[in-house]
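Chemist: After the structure tokens below, expect a handful of questions from me.
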Amino acid sequence: MKIDVLLGLQWGDEGKGKIVDVLTPQYDIVARFQGGPNAGHTLMFDDKRIVLHTIPSGIFREQTLNVIGNGVIIDPFIILNREIKQIEVLTDVKSKLCISEKAHLILPTHRLLDAANENFRGKNKIGSTLKGIGPAYTDKISRNGLRTGDLLLPDFLKKYNALKDLHLRQIETLQFDYRATQIDNLSFEAYETAWFEAAETLKSYKICATEYLINDALQSGKKILAEGAQGTLLDVEFGSYPYVTSSNTITAGVCVGLGVAPAKIGKVFGLFKAYCTRVGEGPFPTELSDDTGKKLQLSGKEFGSTTGRPRRCGWLDLPLLKYACMLNGVTELIMMKADVLNDFETISVCTAYDYNGTISDAIPFDVSAQPIPQYRPMQGWQCEIKTNNMPSELTDYIAFIEQYLGLKIGLVSVGADRDQNIRL
């Protein structure tokens, strides 16, 4: 068997949580391979709205094992208090969750460092979610990090204090008063106490070498879906650097984030919104700063599920989407939030850029470049989309995207609930 992959093709927030939930009945295992609690995967079913940050989105389907891979970073406080405690009344989390012993931990001082770094950057801030993601990945790469498996070792506290002292010295050089900073509405000392309590509870969950679990499952014929977080355009290598996340969000990240060989990759489902959004700083060629952008934001309820920050909105950017498909080896497209465009008379689609008089669909290296989008106007459908009857204008919109990308769209989401989809 091969491992299938589902990931976002834009700047995140494409609706991955919903589609993982929809596809999970076809799989035995759902595994997160990168990112951390900066993710916000929203699921809606039975009139409930649930946001997951670290736990895979297959957790509500019976008979499905959910794996947090080694490429993920974990904040014990968030996973326990912001996730497990919220959903354990709906499902037996402990019996359906495995955590990699090699997944790195986000310490309380990582979150302080995140805030200190953003404060130091001033006007040049990255737009961090302040969840400690960047500092935790920095420690991982510089070989200072602590891993989930370290929680089980007798010298964990000694290692923790050594890393904490290092962080506090770094914070001091940034002239940041961490004692005046709150983390999740708690003082640092109170948050640290709660963090240790959560870490102690986390030790009672199944922590193991998930790379063996994944490969043994593939060998025995089990079907596995790898769930990505953030989006391709936030990839640390190929995104709009430096306005990116700190991990590999593309298909290649599955190999290192779960411990599987490249030859084991199967289908790649690429998700994209019928328009574009972005949270935080960074380039956004098709951004609309007018009433149309505001209408997209309000109609799509475009506010971050993790931070609550309003998302910047704009028309669909096909050159960026084509770039993302190339990087990921996408085999099937899934279009999300088509219903948000129901009330638009005309819809514009970016097909190329004007760089100082030169028309191109290439993505520039310089993130400060301001290419002028070249738009193709298309007729809107101006009606509610029925799951059993698509308007012809939407069919034309889909056909145009498929022709440009050379890929088929297999599913169109027309609402937030797990049942509001059209399979093509």
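We label chains A, B, ... in the order they appear in the structure tokens, count residues from 1 in each chain, and number ligands from 1 in the order shown.
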Would you list the contacts of stretch 392-409 of chain A as number ranges by chain, taking every protein, DNA or RNA residue within 10 Å and counting only C-alpha atoms, but skipping same-chain residues closer than 5 positions in sequence?
Modeler: A: 269-271, 274, 316, 318-319, 321-323, 325-326, 330-335, 338-339, 341-342, 347, 349, 351, 378-382, 385, 423-424
Chemist: Pull N, CA and C atoms from the residues just selected and write them as a CSV table (one decimal), in the first residue's frame.
Modeler:
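This is the output file part_39.csv:
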```csv
chain,number,residue,atom,x,y,z
A,269,PHE,N,-4.0,14.8,-2.8
A,269,PHE,CA,-5.2,15.7,-2.9
A,269,PHE,C,-4.8,17.1,-2.5
A,270,GLY,N,-5.0,18.0,-3.5
A,270,GLY,CA,-4.6,19.4,-3.3
A,270,GLY,C,-5.9,20.2,-3.1
A,271,LEU,N,-6.0,20.9,-1.9
A,271,LEU,CA,-7.1,21.8,-1.7
A,271,LEU,C,-6.9,23.2,-2.0
A,274,ALA,N,-12.0,28.7,-3.7
A,274,ALA,CA,-12.4,29.3,-5.0
A,274,ALA,C,-12.0,30.7,-5.2
A,316,LEU,N,-8.9,34.4,-7.1
A,316,LEU,CA,-8.1,33.2,-7.3
A,316,LEU,C,-6.9,33.5,-8.1
A,318,LEU,N,-4.2,31.8,-10.3
A,318,LEU,CA,-3.9,30.5,-11.0
A,318,LEU,C,-2.4,30.3,-11.1
A,319,PRO,N,-1.6,31.3,-11.4
A,319,PRO,CA,-0.1,31.0,-11.4
A,319,PRO,C,0.4,30.4,-10.1
A,321,LEU,N,-1.4,28.8,-7.9
A,321,LEU,CA,-2.0,27.5,-7.8
A,321,LEU,C,-1.2,26.4,-8.7
A,322,LYS,N,-0.9,26.8,-9.9
A,322,LYS,CA,-0.1,25.9,-10.7
A,322,LYS,C,1.2,25.6,-10.2
A,323,TYR,N,1.9,26.6,-9.6
A,323,TYR,CA,3.2,26.4,-8.9
A,323,TYR,C,3.0,25.4,-7.8
A,325,CYS,N,0.7,23.1,-7.4
A,325,CYS,CA,0.5,21.7,-7.9
A,325,CYS,C,1.7,21.1,-8.4
A,326,MET,N,2.6,21.8,-9.0
A,326,MET,CA,3.9,21.3,-9.5
A,326,MET,C,4.8,20.8,-8.3
A,330,VAL,N,0.4,17.0,-7.3
A,330,VAL,CA,-1.1,16.9,-7.1
A,330,VAL,C,-1.7,15.9,-8.1
A,331,THR,N,-2.5,15.0,-7.7
A,331,THR,CA,-3.2,14.1,-8.6
A,331,THR,C,-4.7,14.4,-8.7
A,332,GLU,N,-5.2,15.1,-7.7
A,332,GLU,CA,-6.6,15.4,-7.7
A,332,GLU,C,-6.8,16.7,-6.9
A,333,LEU,N,-7.6,17.6,-7.5
A,333,LEU,CA,-7.9,18.9,-6.9
A,333,LEU,C,-9.3,18.8,-6.2
A,334,ILE,N,-9.3,19.6,-5.1
A,334,ILE,CA,-10.6,19.8,-4.3
A,334,ILE,C,-10.8,21.3,-4.1
A,335,MET,N,-11.9,21.8,-4.6
A,335,MET,CA,-12.2,23.2,-4.5
A,335,MET,C,-13.1,23.5,-3.4
A,338,ALA,N,-16.9,27.2,-2.6
A,338,ALA,CA,-17.5,27.8,-3.9
A,338,ALA,C,-18.8,28.6,-3.5
A,339,ASP,N,-19.4,28.2,-2.5
A,339,ASP,CA,-20.7,28.9,-2.1
A,339,ASP,C,-20.5,30.4,-1.7
A,341,LEU,N,-18.9,32.5,-3.3
A,341,LEU,CA,-19.0,33.3,-4.5
A,341,LEU,C,-20.5,33.4,-5.1
A,342,ASN,N,-21.4,32.9,-4.4
A,342,ASN,CA,-22.8,32.8,-4.9
A,342,ASN,C,-23.4,34.1,-5.3
A,347,ILE,N,-16.8,37.3,-11.6
A,347,ILE,CA,-15.7,36.8,-10.8
A,347,ILE,C,-14.5,36.9,-11.6
A,349,VAL,N,-10.4,36.0,-12.3
A,349,VAL,CA,-9.4,35.0,-12.1
A,349,VAL,C,-8.0,35.5,-12.6
A,351,THR,N,-4.6,35.1,-14.3
A,351,THR,CA,-4.0,34.1,-15.2
A,351,THR,C,-2.5,34.3,-15.4
A,378,MET,N,-15.1,36.3,-15.4
A,378,MET,CA,-16.0,35.2,-15.6
A,378,MET,C,-17.4,35.6,-15.0
A,379,GLN,N,-18.4,35.0,-15.6
A,379,GLN,CA,-19.8,35.3,-15.2
A,379,GLN,C,-20.1,34.5,-13.9
A,380,GLY,N,-20.6,35.2,-12.9
A,380,GLY,CA,-21.0,34.6,-11.6
A,380,GLY,C,-22.3,33.8,-11.8
A,381,TRP,N,-22.6,33.0,-10.8
A,381,TRP,CA,-23.9,32.2,-11.0
A,381,TRP,C,-25.0,32.8,-10.2
A,382,GLN,N,-24.7,33.6,-9.2
A,382,GLN,CA,-25.7,34.4,-8.5
A,382,GLN,C,-27.0,33.6,-8.1
A,385,ILE,N,-26.0,27.1,-4.6
A,385,ILE,CA,-25.6,25.9,-5.3
A,385,ILE,C,-26.3,24.7,-4.6
A,423,ARG,N,-19.5,15.8,-5.6
A,423,ARG,CA,-18.5,15.0,-6.2
A,423,ARG,C,-18.6,15.0,-7.7
A,424,LEU,N,-17.5,15.2,-8.4
A,424,LEU,CA,-17.6,15.4,-9.8
A,424,LEU,C,-17.0,14.1,-10.5
```
Chemist: Pull the closest atom pair for each residue of stretch 186-282 of chain A that gets at most 12 Å from stretch 360-363 of chain A, along with the distance in Å to one decimal, counting only C-alpha atoms, ordering rows by chain and then ascending residue number, as a tab-separated table.
Modeler:
```
residue	atom	partner	partner_atom	distance
A:Leu233	CA	A:Ile363	CA	10.8
A:Phe238	CA	A:Ile363	CA	10.2
A:Gly239	CA	A:Ile363	CA	10.0
A:Ser240	CA	A:Ile363	CA	9.4
```
Chemist: Can you pull out the residues contacting A:Lys131? Cut-off 10 Å, using only C-alpha atoms, and skip same-chain residues under 6 positions away; I want them as a PDB file with C-alpha atoms, in the first residue's frame.
Modeler:
```
ATOM      1  CA  GLY A  36       1.865  22.552  15.357  1.00  0.00           C
ATOM      2  CA  PRO A  37      -0.855  24.418  17.249  1.00  0.00           C
ATOM      3  CA  ASN A  38      -0.620  27.314  14.792  1.00  0.00           C
ATOM      4  CA  ALA A  39      -2.947  25.183  12.662  1.00  0.00           C
ATOM      5  CA  ASP A  75       2.486  22.148  23.158  1.00  0.00           C
ATOM      6  CA  ILE A  78      -2.685  23.442  24.141  1.00  0.00           C
ATOM      7  CA  ILE A 106       6.969  23.662  22.515  1.00  0.00           C
ATOM      8  CA  LEU A 107       8.134  24.954  25.894  1.00  0.00           C
ATOM      9  CA  PRO A 108       6.606  27.980  27.648  1.00  0.00           C
ATOM     10  CA  HIS A 110       9.418  29.170  23.207  1.00  0.00           C
ATOM     11  CA  ARG A 111       6.239  31.232  23.298  1.00  0.00           C
ATOM     12  CA  LEU A 112       8.047  34.030  25.131  1.00  0.00           C
ATOM     13  CA  LEU A 113      10.805  33.951  22.502  1.00  0.00           C
ATOM     14  CA  ASP A 114       8.202  34.158  19.746  1.00  0.00           C
ATOM     15  CA  ALA A 115       6.733  37.314  21.282  1.00  0.00           C
ATOM     16  CA  ILE A 183       0.497  33.541  27.652  1.00  0.00           C
ATOM     17  CA  ASP A 184      -3.102  32.507  27.017  1.00  0.00           C
ATOM     18  CA  THR A 306      -6.628  29.842  15.759  1.00  0.00           C
ATOM     19  CA  THR A 307      -5.953  33.575  16.234  1.00  0.00           C
TER      20      THR A 307
END
```
Chemist: May I ask which of the residues A:Asn144, A:Asn248, A:Asn81, A:Gln170 is the closest one to A:Ala198, counting only C-alpha atoms?
Modeler: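 Counting only C-alpha atoms, the residue closest to A:Ala198 is A:Asn81.
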Chemist: Give me the residues near A:Thr138 as a list in words, where near means some atom within 12 Å (using only C-alpha atoms) and where sequence neighbours in that chain fewer than 4 positions away do not count.
Modeler: Ile73, His104, Leu105, Ile106, His110, Leu113, Asp114, Gly132, Ile133, Gly134, Ser142, Arg143, Asn144, Gly145, Leu146, His167, Thr245, Ser246 and Ser247 of chain A
Chemist: I need the residues from that last selection saved to file as a PDB file, in the first residue's frame (with N, CA and C atoms), if you can.
Modeler:
```pdb
ATOM      1  N   ILE A  73       5.163  19.596  15.992  1.00  0.00           N
ATOM      2  CA  ILE A  73       5.627  20.074  17.294  1.00  0.00           C
ATOM      3  C   ILE A  73       4.412  20.248  18.203  1.00  0.00           C
ATOM      4  N   HIS A 104       8.799  17.120  18.557  1.00  0.00           N
ATOM      5  CA  HIS A 104       9.412  18.088  19.469  1.00  0.00           C
ATOM      6  C   HIS A 104       8.369  18.831  20.284  1.00  0.00           C
ATOM      7  N   LEU A 105       8.800  19.292  21.453  1.00  0.00           N
ATOM      8  CA  LEU A 105       7.921  19.996  22.382  1.00  0.00           C
ATOM      9  C   LEU A 105       8.073  21.508  22.261  1.00  0.00           C
ATOM     10  N   ILE A 106       6.957  22.205  22.388  1.00  0.00           N
ATOM     11  CA  ILE A 106       6.969  23.662  22.515  1.00  0.00           C
ATOM     12  C   ILE A 106       6.956  23.975  24.004  1.00  0.00           C
ATOM     13  N   HIS A 110       9.499  29.020  24.668  1.00  0.00           N
ATOM     14  CA  HIS A 110       9.418  29.170  23.207  1.00  0.00           C
ATOM     15  C   HIS A 110       8.384  30.230  22.845  1.00  0.00           C
ATOM     16  N   LEU A 113       9.851  33.598  23.565  1.00  0.00           N
ATOM     17  CA  LEU A 113      10.805  33.951  22.502  1.00  0.00           C
ATOM     18  C   LEU A 113      10.085  34.429  21.251  1.00  0.00           C
ATOM     19  N   ASP A 114       8.988  33.773  20.917  1.00  0.00           N
ATOM     20  CA  ASP A 114       8.202  34.158  19.746  1.00  0.00           C
ATOM     21  C   ASP A 114       7.747  35.609  19.875  1.00  0.00           C
ATOM     22  N   GLY A 132       4.882  29.886  19.481  1.00  0.00           N
ATOM     23  CA  GLY A 132       6.192  29.303  19.757  1.00  0.00           C
ATOM     24  C   GLY A 132       6.709  28.393  18.657  1.00  0.00           C
ATOM     25  N   ILE A 133       6.063  28.446  17.491  1.00  0.00           N
ATOM     26  CA  ILE A 133       6.409  27.520  16.398  1.00  0.00           C
ATOM     27  C   ILE A 133       7.845  27.732  15.915  1.00  0.00           C
ATOM     28  N   GLY A 134       8.163  28.967  15.521  1.00  0.00           N
ATOM     29  CA  GLY A 134       9.502  29.250  14.989  1.00  0.00           C
ATOM     30  C   GLY A 134      10.611  28.911  15.968  1.00  0.00           C
ATOM     31  N   SER A 142      18.871  23.377  15.565  1.00  0.00           N
ATOM     32  CA  SER A 142      20.151  23.644  16.232  1.00  0.00           C
ATOM     33  C   SER A 142      20.504  22.575  17.264  1.00  0.00           C
ATOM     34  N   ARG A 143      19.655  21.518  17.322  1.00  0.00           N
ATOM     35  CA  ARG A 143      19.902  20.340  18.154  1.00  0.00           C
ATOM     36  C   ARG A 143      19.882  20.655  19.651  1.00  0.00           C
ATOM     37  N   ASN A 144      19.000  21.590  20.009  1.00  0.00           N
ATOM     38  CA  ASN A 144      18.798  21.909  21.412  1.00  0.00           C
ATOM     39  C   ASN A 144      17.439  21.438  21.926  1.00  0.00           C
ATOM     40  N   GLY A 145      16.575  20.984  21.020  1.00  0.00           N
ATOM     41  CA  GLY A 145      15.186  20.741  21.371  1.00  0.00           C
ATOM     42  C   GLY A 145      14.942  19.555  22.282  1.00  0.00           C
ATOM     43  N   LEU A 146      13.764  19.574  22.890  1.00  0.00           N
ATOM     44  CA  LEU A 146      13.290  18.446  23.687  1.00  0.00           C
ATOM     45  C   LEU A 146      12.143  17.782  22.943  1.00  0.00           C
ATOM     46  N   HIS A 167      16.938  30.073  26.885  1.00  0.00           N
ATOM     47  CA  HIS A 167      15.909  30.941  26.296  1.00  0.00           C
ATOM     48  C   HIS A 167      15.822  32.291  27.021  1.00  0.00           C
ATOM     49  N   THR A 245       5.885  29.680   7.290  1.00  0.00           N
ATOM     50  CA  THR A 245       5.942  28.921   8.524  1.00  0.00           C
ATOM     51  C   THR A 245       7.326  28.271   8.622  1.00  0.00           C
ATOM     52  N   SER A 246       7.545  27.455   9.637  1.00  0.00           N
ATOM     53  CA  SER A 246       8.895  26.934   9.893  1.00  0.00           C
ATOM     54  C   SER A 246       9.061  25.473   9.518  1.00  0.00           C
ATOM     55  N   SER A 247       8.138  24.937   8.732  1.00  0.00           N
ATOM     56  CA  SER A 247       8.215  23.523   8.363  1.00  0.00           C
ATOM     57  C   SER A 247       7.948  23.354   6.872  1.00  0.00           C
TER      58      SER A 247
END
```
Chemist: At most 7 Å is the cut-off: for each residue in stretch 304-367 of chain A with any atom that close to an atom of stretch 285-296 of chain A, write down the nearest atom pair and the distance in Å rounded to one decimal, counting only C-alpha atoms, chain first then increasing number, as a tab-separated table.
Modeler:
```
residue	atom	partner	partner_atom	distance
A:Arg312	CA	A:Glu287	CA	6.8
A:Cys313	CA	A:Gly293	CA	5.3
A:Gly314	CA	A:Glu287	CA	4.1
A:Trp315	CA	A:Thr286	CA	5.6
A:Asp317	CA	A:Thr286	CA	6.6
```
Chemist: Taking the backbone alone, and naming residues the way the document does, which bits of stretch 50-267 of chain A are strand (DSSP E or B) by DSSP, as a PyMOL selection string?
Modeler: chain A and resi 50-52+65-68+72-74+97-100+104-105+147+183+186+206-208+224-227+265-267
Chemist: Export, as a PDB file, in the first residue's frame, the selected residues with C-alpha atoms.
Modeler:
```pdb
ATOM      1  CA  ILE A  50     -14.906  22.004  16.459  1.00  0.00           C
ATOM      2  CA  VAL A  51     -11.442  23.443  15.873  1.00  0.00           C
ATOM      3  CA  LEU A  52      -8.437  21.107  16.064  1.00  0.00           C
ATOM      4  CA  LEU A  65      -6.357   5.545  14.356  1.00  0.00           C
ATOM      5  CA  ASN A  66      -4.941   9.094  14.479  1.00  0.00           C
ATOM      6  CA  VAL A  67      -1.185   9.643  14.531  1.00  0.00           C
ATOM      7  CA  ILE A  68       0.804  12.762  15.411  1.00  0.00           C
ATOM      8  CA  VAL A  72       4.789  17.884  14.294  1.00  0.00           C
ATOM      9  CA  ILE A  73       5.627  20.074  17.294  1.00  0.00           C
ATOM     10  CA  ILE A  74       3.451  19.754  20.392  1.00  0.00           C
ATOM     11  CA  LEU A  97      -4.436   8.669  19.288  1.00  0.00           C
ATOM     12  CA  CYS A  98      -0.730   7.816  18.969  1.00  0.00           C
ATOM     13  CA  ILE A  99       2.009  10.411  19.431  1.00  0.00           C
ATOM     14  CA  SER A 100       5.511  10.170  18.029  1.00  0.00           C
ATOM     15  CA  HIS A 104       9.412  18.088  19.469  1.00  0.00           C
ATOM     16  CA  LEU A 105       7.921  19.996  22.382  1.00  0.00           C
ATOM     17  CA  ARG A 147      11.068  15.702  22.297  1.00  0.00           C
ATOM     18  CA  ILE A 183       0.497  33.541  27.652  1.00  0.00           C
ATOM     19  CA  LEU A 186      -1.841  33.575  32.254  1.00  0.00           C
ATOM     20  CA  LYS A 206       0.395   6.257  23.730  1.00  0.00           C
ATOM     21  CA  ILE A 207       3.830   7.689  22.896  1.00  0.00           C
ATOM     22  CA  CYS A 208       5.800   5.475  20.528  1.00  0.00           C
ATOM     23  CA  ILE A 224      -3.271   5.823   5.470  1.00  0.00           C
ATOM     24  CA  LEU A 225      -4.021   9.492   4.825  1.00  0.00           C
ATOM     25  CA  ALA A 226      -1.339  12.081   5.663  1.00  0.00           C
ATOM     26  CA  GLU A 227      -2.853  15.397   6.761  1.00  0.00           C
ATOM     27  CA  ILE A 265       3.558   8.278  -1.690  1.00  0.00           C
ATOM     28  CA  GLY A 266       0.256   7.559  -3.457  1.00  0.00           C
ATOM     29  CA  LYS A 267      -2.529  10.008  -4.316  1.00  0.00           C
TER      30      LYS A 267
END
```
Chemist: For the helix (DSSP H, G or I) assignment from backbone DSSP, which residues of stretch 26-92 of chain A qualify? Please present them as a PyMOL selection string.
Modeler: chain A and resi 26+76-87
Chemist: At a cut-off of 8 Å, using only C-alpha atoms, what residues contact A:Trp195? Leave out same-chain residues fewer than 4 positions from it and give the result as a list in words.
Modeler: Pro76, Phe77, Pro108, Tyr191 and Ala199 of chain A
Chemist: Fewer than 2 positions away in the same chain doesn't count, so skip those; otherwise give me all residues within 9 Å of A:Lys222, counting only C-alpha atoms, as a JSON list (two decimals) with N, CA and C atoms, in the first residue's frame.
Modeler:
```
[["chain", "number", "residue", "atom", "x", "y", "z"],
["A", 1, "MET", "N", 0.83, -1.20, 0.00],
["A", 1, "MET", "CA", 0.00, 0.00, 0.00],
["A", 1, "MET", "C", 0.87, 1.26, 0.00],
["A", 2, "LYS", "N", 0.26, 2.36, -0.44],
["A", 2, "LYS", "CA", 0.94, 3.65, -0.42],
["A", 2, "LYS", "C", 0.14, 4.62, 0.45],
["A", 27, "TYR", "N", -10.15, 5.38, 5.19],
["A", 27, "TYR", "CA", -8.79, 5.12, 5.67],
["A", 27, "TYR", "C", -8.80, 4.48, 7.06],
["A", 28, "ASP", "N", -7.73, 3.74, 7.33],
["A", 28, "ASP", "CA", -7.54, 3.12, 8.65],
["A", 28, "ASP", "C", -6.79, 4.04, 9.60],
["A", 29, "ILE", "N", -5.93, 4.89, 9.03],
["A", 29, "ILE", "CA", -5.10, 5.79, 9.84],
["A", 29, "ILE", "C", -5.08, 7.17, 9.19],
["A", 216, "ASP", "N", 4.69, -0.39, 9.28],
["A", 216, "ASP", "CA", 4.11, -1.71, 9.50],
["A", 216, "ASP", "C", 2.66, -1.75, 9.00],
["A", 217, "ALA", "N", 1.94, -0.64, 9.19],
["A", 217, "ALA", "CA", 0.55, -0.58, 8.73],
["A", 217, "ALA", "C", 0.49, -0.64, 7.20],
["A", 218, "LEU", "N", 1.37, 0.09, 6.54],
["A", 218, "LEU", "CA", 1.42, 0.04, 5.07],
["A", 218, "LEU", "C", 1.74, -1.38, 4.59],
["A", 219, "GLN", "N", 2.69, -2.02, 5.27],
["A", 219, "GLN", "CA", 3.10, -3.37, 4.89],
["A", 219, "GLN", "C", 1.95, -4.36, 5.03],
["A", 220, "SER", "N", 1.09, -4.12, 6.01],
["A", 220, "SER", "CA", -0.02, -5.05, 6.25],
["A", 220, "SER", "C", -1.27, -4.69, 5.45],
["A", 224, "ILE", "N", -3.69, 4.69, 4.63],
["A", 224, "ILE", "CA", -3.27, 5.82, 5.47],
["A", 224, "ILE", "C", -3.41, 7.13, 4.70]]
```
Chemist: Using only C-alpha atoms, which residue out of A:Gly257, A:Gly40, A:Pro391, A:Gly35 lies closest to A:Gly304?
Modeler: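 Comparing A:Gly257, A:Gly40, A:Pro391, A:Gly35 against A:Gly304, the winner is A:Gly40.
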Chemist: Write out as number ranges by chain which residues come within 6 Å of stretch 118-129 of chain A when counting only C-alpha atoms, dropping same-chain ones fewer than 3 positions away.
Modeler: A: 115, 243, 280-281
Chemist: Mind dumping the selected residues with N, CA and C atoms as a PDB file, in the first residue's frame?
Modeler:
```
ATOM      1  N   ALA A 115       7.201  35.950  21.043  1.00  0.00           N
ATOM      2  CA  ALA A 115       6.733  37.314  21.282  1.00  0.00           C
ATOM      3  C   ALA A 115       7.894  38.305  21.280  1.00  0.00           C
ATOM      4  N   TYR A 243       8.084  35.332   4.928  1.00  0.00           N
ATOM      5  CA  TYR A 243       6.721  35.318   5.488  1.00  0.00           C
ATOM      6  C   TYR A 243       6.122  33.919   5.326  1.00  0.00           C
ATOM      7  N   GLY A 280      -1.907  37.488   8.191  1.00  0.00           N
ATOM      8  CA  GLY A 280      -0.597  38.019   8.546  1.00  0.00           C
ATOM      9  C   GLY A 280       0.073  38.757   7.396  1.00  0.00           C
ATOM     10  N   GLU A 281       1.385  38.911   7.538  1.00  0.00           N
ATOM     11  CA  GLU A 281       2.157  39.705   6.578  1.00  0.00           C
ATOM     12  C   GLU A 281       2.529  38.878   5.347  1.00  0.00           C
TER      13      GLU A 281
END
```
